[in-house]
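Remarks on the structure that follows.
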There are 2 protein chains.
Amino acid sequence: MPGPGEFQIIRDYFTAAPQGPGVLLGIGDDCALLQAPQNTILATSVDTLVADVHFPAQADPAKIAARALRVNLSDLAAMNATPLWFTLALTLPHSDALWLQQFSQGLLETAAEFAISLVGGDTTKGPLSITIQVTGSCAHTAKPLRRDGAKVGDHVFVSNSLGAAAAALPFVLGQKTTDNKQLQQAQNAYYLPQPQFALAEAIAPFASSAIDISDGLIADLTHICTASDVSAELTVEKIPVAVLARQLNTNHALQLAASGGDDYQLCFTIAEQHLPLLIKKQLPVTCIGQLVAGKGNVHCSLNGKPWRAQQTGFQHF
Amino acid sequence: MPGPGEFQIIRDYFTAAPQGPGVLLGIGDDCALLQAPQNTILATSVDTLVADVHFPAQADPAKIAARALRVNLSDLAAMNATPLWFTLALTLPHSDALWLQQFSQGLLETAAEFAISLVGGDTTKGPLSITIQVTGSCAHTAKPLRRDGAKVGDHVFVSNSLGAAAAALPFVLGQKTTDNKQLQQAQNAYYLPQPQFALAEAIAPFASSAIDISDGLIADLTHICTASDVSAELTVEKIPVAVLARQLNTNHALQLAASGGDDYQLCFTIAEQHLPLLIKKQLPVTCIGQLVAGKGNVHCSLNGKPWRAQQTGFQHF
């Protein structure tokens, strides 16, 4: 039985998406027509997830969709932007009604959870890949969190804990096995990263820079350092290592926390004088280092001795 | 020699893009930060071009880039929106400095021609595909051109002429050969479609609906009819057939004009009472039919007799 055609896919699986305020015309015309909230600037980001590069092609379609939207939402969170709308460009090797039903359900449930409207897209035939572009708004009164504002002397923080997603990856890929409970935790760590909206809003008034950790802590902190024209001294033993990372990979948990990607926690910097404000808020954040004069390098030490990560972060090519 | 890495690709080839007004922060952070013009609504559209589906993988990278941006710009034109900014999600099988240099040059030249700013993107490894999302603005005082406003009795028009891109395709793909001059014309017809911004602005005050012809005249007129809950009577002999279509494919030029895609001309409808206004403007448009009561069907006749297209338009799947 042939699967649904291109226009039927859009009609059957994606036009049921609830539409938030500001969506004047959603899916189905040459363009979506959108009204940005008054007195805001827009923040926009696009990410492509390629099958067997960013996720196993055979994975649960609902989980693929949830992850694809969440990693994009994380970029909005990292700028302290509020989600408004998104588009989906979906390339599929063949039309498969069951896959599409599960994918769209996972996508629209995630969209509802984060109050973001699907307003347009494109469906094409080809090797499986998913490109999502999210747009959010920053109130003129709220400060966007950029990478380029960090200063020498600022302290470096990360949110929650790191390493879980990287430790989970071999289990998600089926290269390692474990019991059902831990497999479930591994899948959640990999497929359901939590965009840090609340934390970003809390730190925005006084953070000097921020980034979401997608490529790995050292790589992403390097991005901050490069954009801000500083270097960093990272105290590796202070990195909060996820309990799950220790459970799944006892020997390399610290390595994974330092350089494994996919956790989507925030790394941010804050000037010395604002530390009391941060401490008063009792946020789930940990100080892991400090910025120094330099040209975009991250110097790591473990218990006072120079330390090198086995890898410094994911790069395509 | 290995090609440039992911971050070097972005730095070397894409950050030189000129930034128009409203781009507060372009490429290089978690999100771009954008200020929409006052008193406008936004129009946004996304299209994916997959290698060997939408273009030959071995084609001139500058031409691939030009086409990818132009087909997206055509969606803005079809809504009577003014280009503001776009993003590029580029998936490449391997990093190739020469390919990237040519691709980015074609892209940025096209962007400059249409005064649209590249503000963000993503570079991933995988089968070659290009996803571009364009955003434009519609002044509150200007009417966006939607698909769903056509009424029974309205006249159906197309801009310029049709069939050239479809007739050109076998030559572009190397399936047919011709002399250099005609090959050049064929490549221009296929790779350099002209987004119809000026025409859209001219017809917007009185057109009841519009669409850009990407899938083929009959298919795209069907989209208008479906969205507007009408049917159409199309007088096939009135369709303006491109000279190049007749030259490249004498036997099937009319078929290609009726149902071949990729011309990116406008199809639009206009109420009887506004015809004098349209005629007065002396625009390059041709009346090819009229809307009737019905449920989204396009009925074709040739010299008074029912006529069927050999195919009704391109659909993935």
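Lettering and numbering for the structure tokens are positional, with chains as A, B, ... in the shown order, residues counted from 1 in each chain, and ligands counted from 1 in the shown order.
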Q. Quick one: DSSP strand (DSSP E or B) residues in region 30-205 of chain B, as a PyMOL selection string?
A. chain B and resi 32-34+40-51+55+82-92+117-125+129-139+155-159+162
Restrict the calculation to only C-alpha atoms, then for each residue of chain B with any atom at most 7 Å from an atom of chain A give the closest atom pair and their distance in Å to one decimal, rows by chain and rising residue number, as JSON lines.
```
{"residue": "B:Gly5", "atom": "CA", "partner": "A:Phe317", "partner_atom": "CA", "distance": 5.3}
{"residue": "B:Glu6", "atom": "CA", "partner": "A:His316", "partner_atom": "CA", "distance": 5.4}
{"residue": "B:Asp29", "atom": "CA", "partner": "A:Arg147", "partner_atom": "CA", "distance": 6.2}
{"residue": "B:Asp30", "atom": "CA", "partner": "A:Asp75", "partner_atom": "CA", "distance": 5.1}
{"residue": "B:Cys31", "atom": "CA", "partner": "A:Ser45", "partner_atom": "CA", "distance": 4.7}
{"residue": "B:Ala32", "atom": "CA", "partner": "A:Thr44", "partner_atom": "CA", "distance": 5.3}
{"residue": "B:Leu33", "atom": "CA", "partner": "A:Ala43", "partner_atom": "CA", "distance": 4.6}
{"residue": "B:Leu34", "atom": "CA", "partner": "A:Leu42", "partner_atom": "CA", "distance": 4.9}
{"residue": "B:Gln35", "atom": "CA", "partner": "A:Ile41", "partner_atom": "CA", "distance": 5.0}
{"residue": "B:Ile41", "atom": "CA", "partner": "A:Gln35", "partner_atom": "CA", "distance": 5.0}
{"residue": "B:Leu42", "atom": "CA", "partner": "A:Leu34", "partner_atom": "CA", "distance": 4.9}
{"residue": "B:Ala43", "atom": "CA", "partner": "A:Leu33", "partner_atom": "CA", "distance": 4.6}
{"residue": "B:Thr44", "atom": "CA", "partner": "A:Cys31", "partner_atom": "CA", "distance": 5.0}
{"residue": "B:Ser45", "atom": "CA", "partner": "A:Cys31", "partner_atom": "CA", "distance": 4.7}
{"residue": "B:Val46", "atom": "CA", "partner": "A:Gly121", "partner_atom": "CA", "distance": 5.8}
{"residue": "B:Asp47", "atom": "CA", "partner": "A:Asp122", "partner_atom": "CA", "distance": 5.6}
{"residue": "B:Thr48", "atom": "CA", "partner": "A:Ala89", "partner_atom": "CA", "distance": 6.6}
{"residue": "B:Val50", "atom": "CA", "partner": "A:Gly126", "partner_atom": "CA", "distance": 6.5}
{"residue": "B:Asp75", "atom": "CA", "partner": "A:Asp30", "partner_atom": "CA", "distance": 5.1}
{"residue": "B:Leu76", "atom": "CA", "partner": "A:Cys31", "partner_atom": "CA", "distance": 6.7}
{"residue": "B:Ala78", "atom": "CA", "partner": "A:Asp30", "partner_atom": "CA", "distance": 6.7}
{"residue": "B:Met79", "atom": "CA", "partner": "A:Asp30", "partner_atom": "CA", "distance": 6.7}
{"residue": "B:Ala89", "atom": "CA", "partner": "A:Thr48", "partner_atom": "CA", "distance": 6.5}
{"residue": "B:His94", "atom": "CA", "partner": "A:Phe317", "partner_atom": "CA", "distance": 6.5}
{"residue": "B:Ser95", "atom": "CA", "partner": "A:Phe317", "partner_atom": "CA", "distance": 6.0}
{"residue": "B:Gly120", "atom": "CA", "partner": "A:Ser45", "partner_atom": "CA", "distance": 6.8}
{"residue": "B:Gly121", "atom": "CA", "partner": "A:Val46", "partner_atom": "CA", "distance": 5.8}
{"residue": "B:Asp122", "atom": "CA", "partner": "A:Asp47", "partner_atom": "CA", "distance": 5.6}
{"residue": "B:Thr124", "atom": "CA", "partner": "A:His316", "partner_atom": "CA", "distance": 5.9}
{"residue": "B:Lys125", "atom": "CA", "partner": "A:His316", "partner_atom": "CA", "distance": 5.7}
{"residue": "B:Gly126", "atom": "CA", "partner": "A:Val50", "partner_atom": "CA", "distance": 6.5}
{"residue": "B:Pro127", "atom": "CA", "partner": "A:Pro127", "partner_atom": "CA", "distance": 6.8}
{"residue": "B:Arg146", "atom": "CA", "partner": "A:Asp29", "partner_atom": "CA", "distance": 6.6}
{"residue": "B:Arg147", "atom": "CA", "partner": "A:Asp29", "partner_atom": "CA", "distance": 6.2}
{"residue": "B:Ile211", "atom": "CA", "partner": "A:Asp30", "partner_atom": "CA", "distance": 6.7}
{"residue": "B:Gln315", "atom": "CA", "partner": "A:Glu6", "partner_atom": "CA", "distance": 6.0}
{"residue": "B:His316", "atom": "CA", "partner": "A:Glu6", "partner_atom": "CA", "distance": 5.5}
{"residue": "B:Phe317", "atom": "CA", "partner": "A:Gly5", "partner_atom": "CA", "distance": 5.2}
```
Q.
I need the residue nearest Lys176 (chain A) from this list: A:Leu248, A:Val152, A:Asp229, A:Pro21. Use only C-alpha atoms for the distance.
A. A:Leu248
Q) region 250-299 of chain B: which residues are alpha helix (DSSP H) by DSSP, as a ChimeraX atom specification? A) /B:253-259,275-280
With N, CA and C atoms kept, could you save the residues just selected as a PDB file, in the first residue's frame?
```
ATOM      1  N   ALA B 253       5.333  21.521 -25.845  1.00  0.00           N
ATOM      2  CA  ALA B 253       5.481  22.823 -25.183  1.00  0.00           C
ATOM      3  C   ALA B 253       4.213  23.213 -24.420  1.00  0.00           C
ATOM      4  N   LEU B 254       3.049  22.958 -25.013  1.00  0.00           N
ATOM      5  CA  LEU B 254       1.803  23.341 -24.342  1.00  0.00           C
ATOM      6  C   LEU B 254       1.588  22.501 -23.088  1.00  0.00           C
ATOM      7  N   GLN B 255       1.868  21.209 -23.200  1.00  0.00           N
ATOM      8  CA  GLN B 255       1.780  20.339 -22.018  1.00  0.00           C
ATOM      9  C   GLN B 255       2.689  20.857 -20.899  1.00  0.00           C
ATOM     10  N   LEU B 256       3.904  21.219 -21.264  1.00  0.00           N
ATOM     11  CA  LEU B 256       4.865  21.676 -20.253  1.00  0.00           C
ATOM     12  C   LEU B 256       4.413  22.990 -19.625  1.00  0.00           C
ATOM     13  N   ALA B 257       3.820  23.855 -20.442  1.00  0.00           N
ATOM     14  CA  ALA B 257       3.320  25.130 -19.910  1.00  0.00           C
ATOM     15  C   ALA B 257       2.143  24.902 -18.963  1.00  0.00           C
ATOM     16  N   ALA B 258       1.335  23.891 -19.245  1.00  0.00           N
ATOM     17  CA  ALA B 258       0.142  23.625 -18.434  1.00  0.00           C
ATOM     18  C   ALA B 258       0.481  22.901 -17.137  1.00  0.00           C
ATOM     19  N   SER B 259       1.491  22.039 -17.193  1.00  0.00           N
ATOM     20  CA  SER B 259       1.698  21.198 -16.011  1.00  0.00           C
ATOM     21  C   SER B 259       3.149  21.036 -15.582  1.00  0.00           C
ATOM     22  N   LEU B 275     -10.920  44.388 -13.522  1.00  0.00           N
ATOM     23  CA  LEU B 275     -10.190  44.159 -14.770  1.00  0.00           C
ATOM     24  C   LEU B 275      -9.701  45.451 -15.422  1.00  0.00           C
ATOM     25  N   PRO B 276     -10.524  46.507 -15.464  1.00  0.00           N
ATOM     26  CA  PRO B 276     -10.030  47.745 -16.098  1.00  0.00           C
ATOM     27  C   PRO B 276      -8.762  48.284 -15.433  1.00  0.00           C
ATOM     28  N   LEU B 277      -8.688  48.182 -14.089  1.00  0.00           N
ATOM     29  CA  LEU B 277      -7.491  48.622 -13.363  1.00  0.00           C
ATOM     30  C   LEU B 277      -6.264  47.831 -13.801  1.00  0.00           C
ATOM     31  N   LEU B 278      -6.449  46.517 -13.932  1.00  0.00           N
ATOM     32  CA  LEU B 278      -5.337  45.657 -14.320  1.00  0.00           C
ATOM     33  C   LEU B 278      -4.872  45.992 -15.731  1.00  0.00           C
ATOM     34  N   ILE B 279      -5.835  46.147 -16.637  1.00  0.00           N
ATOM     35  CA  ILE B 279      -5.512  46.423 -18.045  1.00  0.00           C
ATOM     36  C   ILE B 279      -4.753  47.744 -18.165  1.00  0.00           C
ATOM     37  N   LYS B 280      -5.207  48.724 -17.385  1.00  0.00           N
ATOM     38  CA  LYS B 280      -4.586  50.048 -17.401  1.00  0.00           C
ATOM     39  C   LYS B 280      -3.100  49.982 -17.028  1.00  0.00           C
TER      40      LYS B 280
END
```
**Q.** All residues 10 Å or closer to Tyr13 (chain A), only C-alpha atoms, same chain fewer than 4 positions away omitted, as a VMD selection string
**A.** chain A and resid 8 to 9 17 97 100 to 105 108
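Nearest residue to Val292 (chain A) among A:Thr250, A:Ser228, A:Gln273, A:Gln194 is A:Ser228, counting only C-alpha atoms.
Distance annotation: of A:Leu69, A:Glu113, A:Thr269, A:Gln58, the residue with the minimal separation from Trp99 (chain A) is A:Gln58; atom set is only C-alpha atoms.
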Q: Using CA of Gly149 (chain B) and CA of Asp215 (chain B) as the two end points, give the distance in Å to one decimal.
A: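 Computing the Euclidean distance for CA of Gly149 (chain B) and CA of Asp215 (chain B) yields 20.2 Å.
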Q. Separation of CA of Phe157 (chain B) and CA of Gly289 (chain B), in Å?
A. 7.2 Å
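For the pair CA of Gln187 (chain B) and CA of Ala168 (chain B), the interatomic distance is 6.9 Å.
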